[in-house]
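To start, the structure under review is shown below, and the notes come after it.
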Amino acid sequence: MTENAATATRTADLLVEIFRDVLGLPDLTADTDFYEAGGDSLTAFQITGRLEEVLGAEVPVSLVFAYPTPRDLAEVVDADHGRS
């Protein structure tokens, strides 16, 4: 696995845990859609708030709406914030 793939996997795993906790869905996967899981604007702000705590950088809430699965959001977060 390349370093970029490993980083994306770690970020996706982190986001799955955040989504599970915020949405209250222990079986949520990296491909679960935020909207289909019952997400709304309040939960989107909770997700970005938790992510910002980990990254130490601002993450626009609009990213949750534009990239609604943990896997897709992880790719953008890694690209924008260079998480490693």
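By order of appearance in the structure tokens: chains A, B, ..., then residues from 1 within every chain, and ligands from 1 in the order shown.
Neighbours of Val64 (chain A) closer than or equal to 8 Å, with only C-alpha atoms counted and sequence neighbours fewer than 4 positions away skipped, come out as A:Phe34, A:Ala44, A:Thr48, A:Pro60, A:Pro68, A:Thr69, A:Leu73.
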Writer output for current selection, C-alpha atoms, as a JSON list (two decimals), in the first residue's frame:
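File written: selection_35.json
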[["chain", "number", "residue", "atom", "x", "y", "z"],
["A", 34, "PHE", "CA", -24.52, 11.02, 4.97],
["A", 44, "ALA", "CA", -22.67, 18.08, 9.47],
["A", 48, "THR", "CA", -16.60, 19.01, 10.90],
["A", 60, "PRO", "CA", -15.75, 23.76, 5.77],
["A", 68, "PRO", "CA", -21.26, 12.70, 1.70],
["A", 69, "THR", "CA", -19.46, 9.42, 2.37],
["A", 73, "LEU", "CA", -14.67, 13.15, 2.37]]
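Non-sequential neighbours of Pro70 (chain A) (distance at most 10 Å, separation of 4 or more positions within a chain, only C-alpha atoms) are A:Thr11, A:Ala12, A:Asp13, A:Leu14, A:Leu15, A:Val16, A:Glu17, A:Ile18, A:Phe19, A:Leu28, A:Thr29, A:Ala30, A:Asp31, A:Thr32, A:Asp33, A:Phe34, A:Val64, A:Ala74, A:Glu75.
Here CA of Gly39 (chain A) and CA of Leu23 (chain A) stand 6.8 Å from one another.
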### Task
Write out as a ChimeraX atom specification all residues of region 1-80 of chain A that DSSP puts in alpha helix (DSSP H) for this structure's backbone.
/A:3-23,41-55,62-66,70-80
Can you list, as a PDB file with all heavy atoms, in the first residue's frame, every protein, DNA or RNA residue that comes within 12 Å of Asp80 (chain A) when you count only C-alpha atoms, leaving out same-chain residues fewer than 2 positions away?
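Resulting contents of out_18.pdb:
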ATOM      1  N   LEU A  55      -7.523  17.565  13.269  1.00  0.00           N
ATOM      2  CA  LEU A  55      -6.608  18.136  12.288  1.00  0.00           C
ATOM      3  C   LEU A  55      -5.953  19.436  12.747  1.00  0.00           C
ATOM      4  O   LEU A  55      -4.881  19.788  12.270  1.00  0.00           O
ATOM      5  CB  LEU A  55      -7.346  18.419  10.974  1.00  0.00           C
ATOM      6  CG  LEU A  55      -7.915  17.240  10.223  1.00  0.00           C
ATOM      7  CD1 LEU A  55      -8.666  17.722   8.999  1.00  0.00           C
ATOM      8  CD2 LEU A  55      -6.813  16.272   9.829  1.00  0.00           C
ATOM      9  N   ALA A  57      -7.201  22.234  11.952  1.00  0.00           N
ATOM     10  CA  ALA A  57      -7.421  23.109  10.795  1.00  0.00           C
ATOM     11  C   ALA A  57      -8.911  23.201  10.510  1.00  0.00           C
ATOM     12  O   ALA A  57      -9.657  22.264  10.797  1.00  0.00           O
ATOM     13  CB  ALA A  57      -6.698  22.563   9.566  1.00  0.00           C
ATOM     14  N   GLU A  58      -9.321  24.329   9.948  1.00  0.00           N
ATOM     15  CA  GLU A  58     -10.730  24.513   9.623  1.00  0.00           C
ATOM     16  C   GLU A  58     -11.144  23.624   8.456  1.00  0.00           C
ATOM     17  O   GLU A  58     -10.459  23.550   7.436  1.00  0.00           O
ATOM     18  CB  GLU A  58     -10.995  25.969   9.260  1.00  0.00           C
ATOM     19  CG  GLU A  58     -12.457  26.269   9.039  1.00  0.00           C
ATOM     20  CD  GLU A  58     -12.737  27.737   8.803  1.00  0.00           C
ATOM     21  OE1 GLU A  58     -11.917  28.566   9.204  1.00  0.00           O
ATOM     22  OE2 GLU A  58     -13.777  28.036   8.209  1.00  0.00           O
ATOM     23  N   VAL A  59     -12.263  22.951   8.629  1.00  0.00           N
ATOM     24  CA  VAL A  59     -12.833  22.103   7.582  1.00  0.00           C
ATOM     25  C   VAL A  59     -14.232  22.643   7.286  1.00  0.00           C
ATOM     26  O   VAL A  59     -15.107  22.588   8.142  1.00  0.00           O
ATOM     27  CB  VAL A  59     -12.922  20.627   8.027  1.00  0.00           C
ATOM     28  CG1 VAL A  59     -13.560  19.779   6.939  1.00  0.00           C
ATOM     29  CG2 VAL A  59     -11.549  20.095   8.405  1.00  0.00           C
ATOM     30  N   PRO A  60     -14.442  23.196   6.097  1.00  0.00           N
ATOM     31  CA  PRO A  60     -15.754  23.759   5.775  1.00  0.00           C
ATOM     32  C   PRO A  60     -16.860  22.706   5.816  1.00  0.00           C
ATOM     33  O   PRO A  60     -16.701  21.600   5.306  1.00  0.00           O
ATOM     34  CB  PRO A  60     -15.586  24.287   4.351  1.00  0.00           C
ATOM     35  CG  PRO A  60     -14.123  24.380   4.128  1.00  0.00           C
ATOM     36  CD  PRO A  60     -13.497  23.341   5.002  1.00  0.00           C
ATOM     37  N   LEU A  63     -18.097  20.711   2.760  1.00  0.00           N
ATOM     38  CA  LEU A  63     -17.458  19.488   2.262  1.00  0.00           C
ATOM     39  C   LEU A  63     -18.263  18.246   2.606  1.00  0.00           C
ATOM     40  O   LEU A  63     -18.302  17.296   1.841  1.00  0.00           O
ATOM     41  CB  LEU A  63     -16.032  19.356   2.812  1.00  0.00           C
ATOM     42  CG  LEU A  63     -15.011  20.349   2.302  1.00  0.00           C
ATOM     43  CD1 LEU A  63     -13.645  20.091   2.946  1.00  0.00           C
ATOM     44  CD2 LEU A  63     -14.908  20.302   0.784  1.00  0.00           C
ATOM     45  N   LEU A  73     -15.088  12.008   1.564  1.00  0.00           N
ATOM     46  CA  LEU A  73     -14.670  13.146   2.370  1.00  0.00           C
ATOM     47  C   LEU A  73     -13.205  13.010   2.776  1.00  0.00           C
ATOM     48  O   LEU A  73     -12.461  13.991   2.769  1.00  0.00           O
ATOM     49  CB  LEU A  73     -15.570  13.285   3.593  1.00  0.00           C
ATOM     50  CG  LEU A  73     -15.319  14.476   4.505  1.00  0.00           C
ATOM     51  CD1 LEU A  73     -15.389  15.797   3.744  1.00  0.00           C
ATOM     52  CD2 LEU A  73     -16.317  14.480   5.656  1.00  0.00           C
ATOM     53  N   ALA A  74     -12.774  11.799   3.086  1.00  0.00           N
ATOM     54  CA  ALA A  74     -11.379  11.562   3.470  1.00  0.00           C
ATOM     55  C   ALA A  74     -10.421  11.957   2.357  1.00  0.00           C
ATOM     56  O   ALA A  74      -9.376  12.560   2.615  1.00  0.00           O
ATOM     57  CB  ALA A  74     -11.178  10.092   3.839  1.00  0.00           C
ATOM     58  N   GLU A  75     -10.759  11.635   1.126  1.00  0.00           N
ATOM     59  CA  GLU A  75      -9.894  11.984  -0.005  1.00  0.00           C
ATOM     60  C   GLU A  75      -9.715  13.493  -0.117  1.00  0.00           C
ATOM     61  O   GLU A  75      -8.613  13.980  -0.338  1.00  0.00           O
ATOM     62  CB  GLU A  75     -10.459  11.415  -1.296  1.00  0.00           C
ATOM     63  CG  GLU A  75     -10.380   9.907  -1.378  1.00  0.00           C
ATOM     64  CD  GLU A  75     -11.025   9.352  -2.644  1.00  0.00           C
ATOM     65  OE1 GLU A  75     -11.306  10.126  -3.573  1.00  0.00           O
ATOM     66  OE2 GLU A  75     -11.244   8.127  -2.687  1.00  0.00           O
ATOM     67  N   VAL A  76     -10.798  14.228   0.065  1.00  0.00           N
ATOM     68  CA  VAL A  76     -10.740  15.690  -0.035  1.00  0.00           C
ATOM     69  C   VAL A  76      -9.980  16.280   1.148  1.00  0.00           C
ATOM     70  O   VAL A  76      -9.157  17.177   0.985  1.00  0.00           O
ATOM     71  CB  VAL A  76     -12.168  16.284  -0.122  1.00  0.00           C
ATOM     72  CG1 VAL A  76     -12.140  17.794  -0.060  1.00  0.00           C
ATOM     73  CG2 VAL A  76     -12.846  15.814  -1.389  1.00  0.00           C
ATOM     74  N   VAL A  77     -10.248  15.771   2.329  1.00  0.00           N
ATOM     75  CA  VAL A  77      -9.554  16.266   3.526  1.00  0.00           C
ATOM     76  C   VAL A  77      -8.060  16.038   3.383  1.00  0.00           C
ATOM     77  O   VAL A  77      -7.250  16.926   3.682  1.00  0.00           O
ATOM     78  CB  VAL A  77     -10.120  15.591   4.795  1.00  0.00           C
ATOM     79  CG1 VAL A  77      -9.210  15.831   5.994  1.00  0.00           C
ATOM     80  CG2 VAL A  77     -11.523  16.101   5.074  1.00  0.00           C
ATOM     81  N   ASP A  78      -7.667  14.860   2.938  1.00  0.00           N
ATOM     82  CA  ASP A  78      -6.245  14.572   2.746  1.00  0.00           C
ATOM     83  C   ASP A  78      -5.623  15.499   1.707  1.00  0.00           C
ATOM     84  O   ASP A  78      -4.516  15.999   1.890  1.00  0.00           O
ATOM     85  CB  ASP A  78      -6.027  13.121   2.339  1.00  0.00           C
ATOM     86  CG  ASP A  78      -6.226  12.154   3.497  1.00  0.00           C
ATOM     87  OD1 ASP A  78      -6.131  12.589   4.661  1.00  0.00           O
ATOM     88  OD2 ASP A  78      -6.475  10.973   3.231  1.00  0.00           O
ATOM     89  N   GLY A  82      -3.466  17.723   3.854  1.00  0.00           N
ATOM     90  CA  GLY A  82      -2.237  16.940   3.915  1.00  0.00           C
ATOM     91  C   GLY A  82      -2.100  16.081   5.149  1.00  0.00           C
ATOM     92  O   GLY A  82      -1.039  15.974   5.716  1.00  0.00           O
ATOM     93  N   ARG A  83      -3.186  15.476   5.567  1.00  0.00           N
ATOM     94  CA  ARG A  83      -3.149  14.621   6.761  1.00  0.00           C
ATOM     95  C   ARG A  83      -2.235  13.440   6.495  1.00  0.00           C
ATOM     96  O   ARG A  83      -2.306  12.784   5.477  1.00  0.00           O
ATOM     97  CB  ARG A  83      -4.563  14.128   7.077  1.00  0.00           C
ATOM     98  CG  ARG A  83      -4.613  13.230   8.278  1.00  0.00           C
ATOM     99  CD  ARG A  83      -6.045  13.027   8.719  1.00  0.00           C
ATOM    100  NE  ARG A  83      -6.233  11.789   9.437  1.00  0.00           N
ATOM    101  CZ  ARG A  83      -5.829  11.558  10.664  1.00  0.00           C
ATOM    102  NH1 ARG A  83      -5.176  12.467  11.322  1.00  0.00           N
ATOM    103  NH2 ARG A  83      -6.063  10.406  11.255  1.00  0.00           N
ATOM    104  N   SER A  84      -1.377  13.169   7.462  1.00  0.00           N
ATOM    105  CA  SER A  84      -0.490  12.007   7.339  1.00  0.00           C
ATOM    106  C   SER A  84      -0.305  11.306   8.651  1.00  0.00           C
ATOM    107  O   SER A  84      -0.747  11.742   9.655  1.00  0.00           O
ATOM    108  CB  SER A  84       0.863  12.427   6.787  1.00  0.00           C
ATOM    109  OG  SER A  84       1.450  13.424   7.590  1.00  0.00           O
TER     110      SER A  84
END
### Message
So the first atom is CA of Arg20 (chain A) and the second is CA of Ser62 (chain A); what is the distance between them in Å, to one decimal place?
### Response
19.1 Å
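Using only C-alpha atoms, the shortest contact distance between His81 (chain A) and any of A:Ile47, A:Val61, A:Glu52, A:Ala37 is found at A:Glu52.
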### Query
Between A:Ser41, A:Glu53, A:Glu36, A:Thr9, which is the closest to Phe65 (chain A) once you count only C-alpha atoms?
A:Ser41
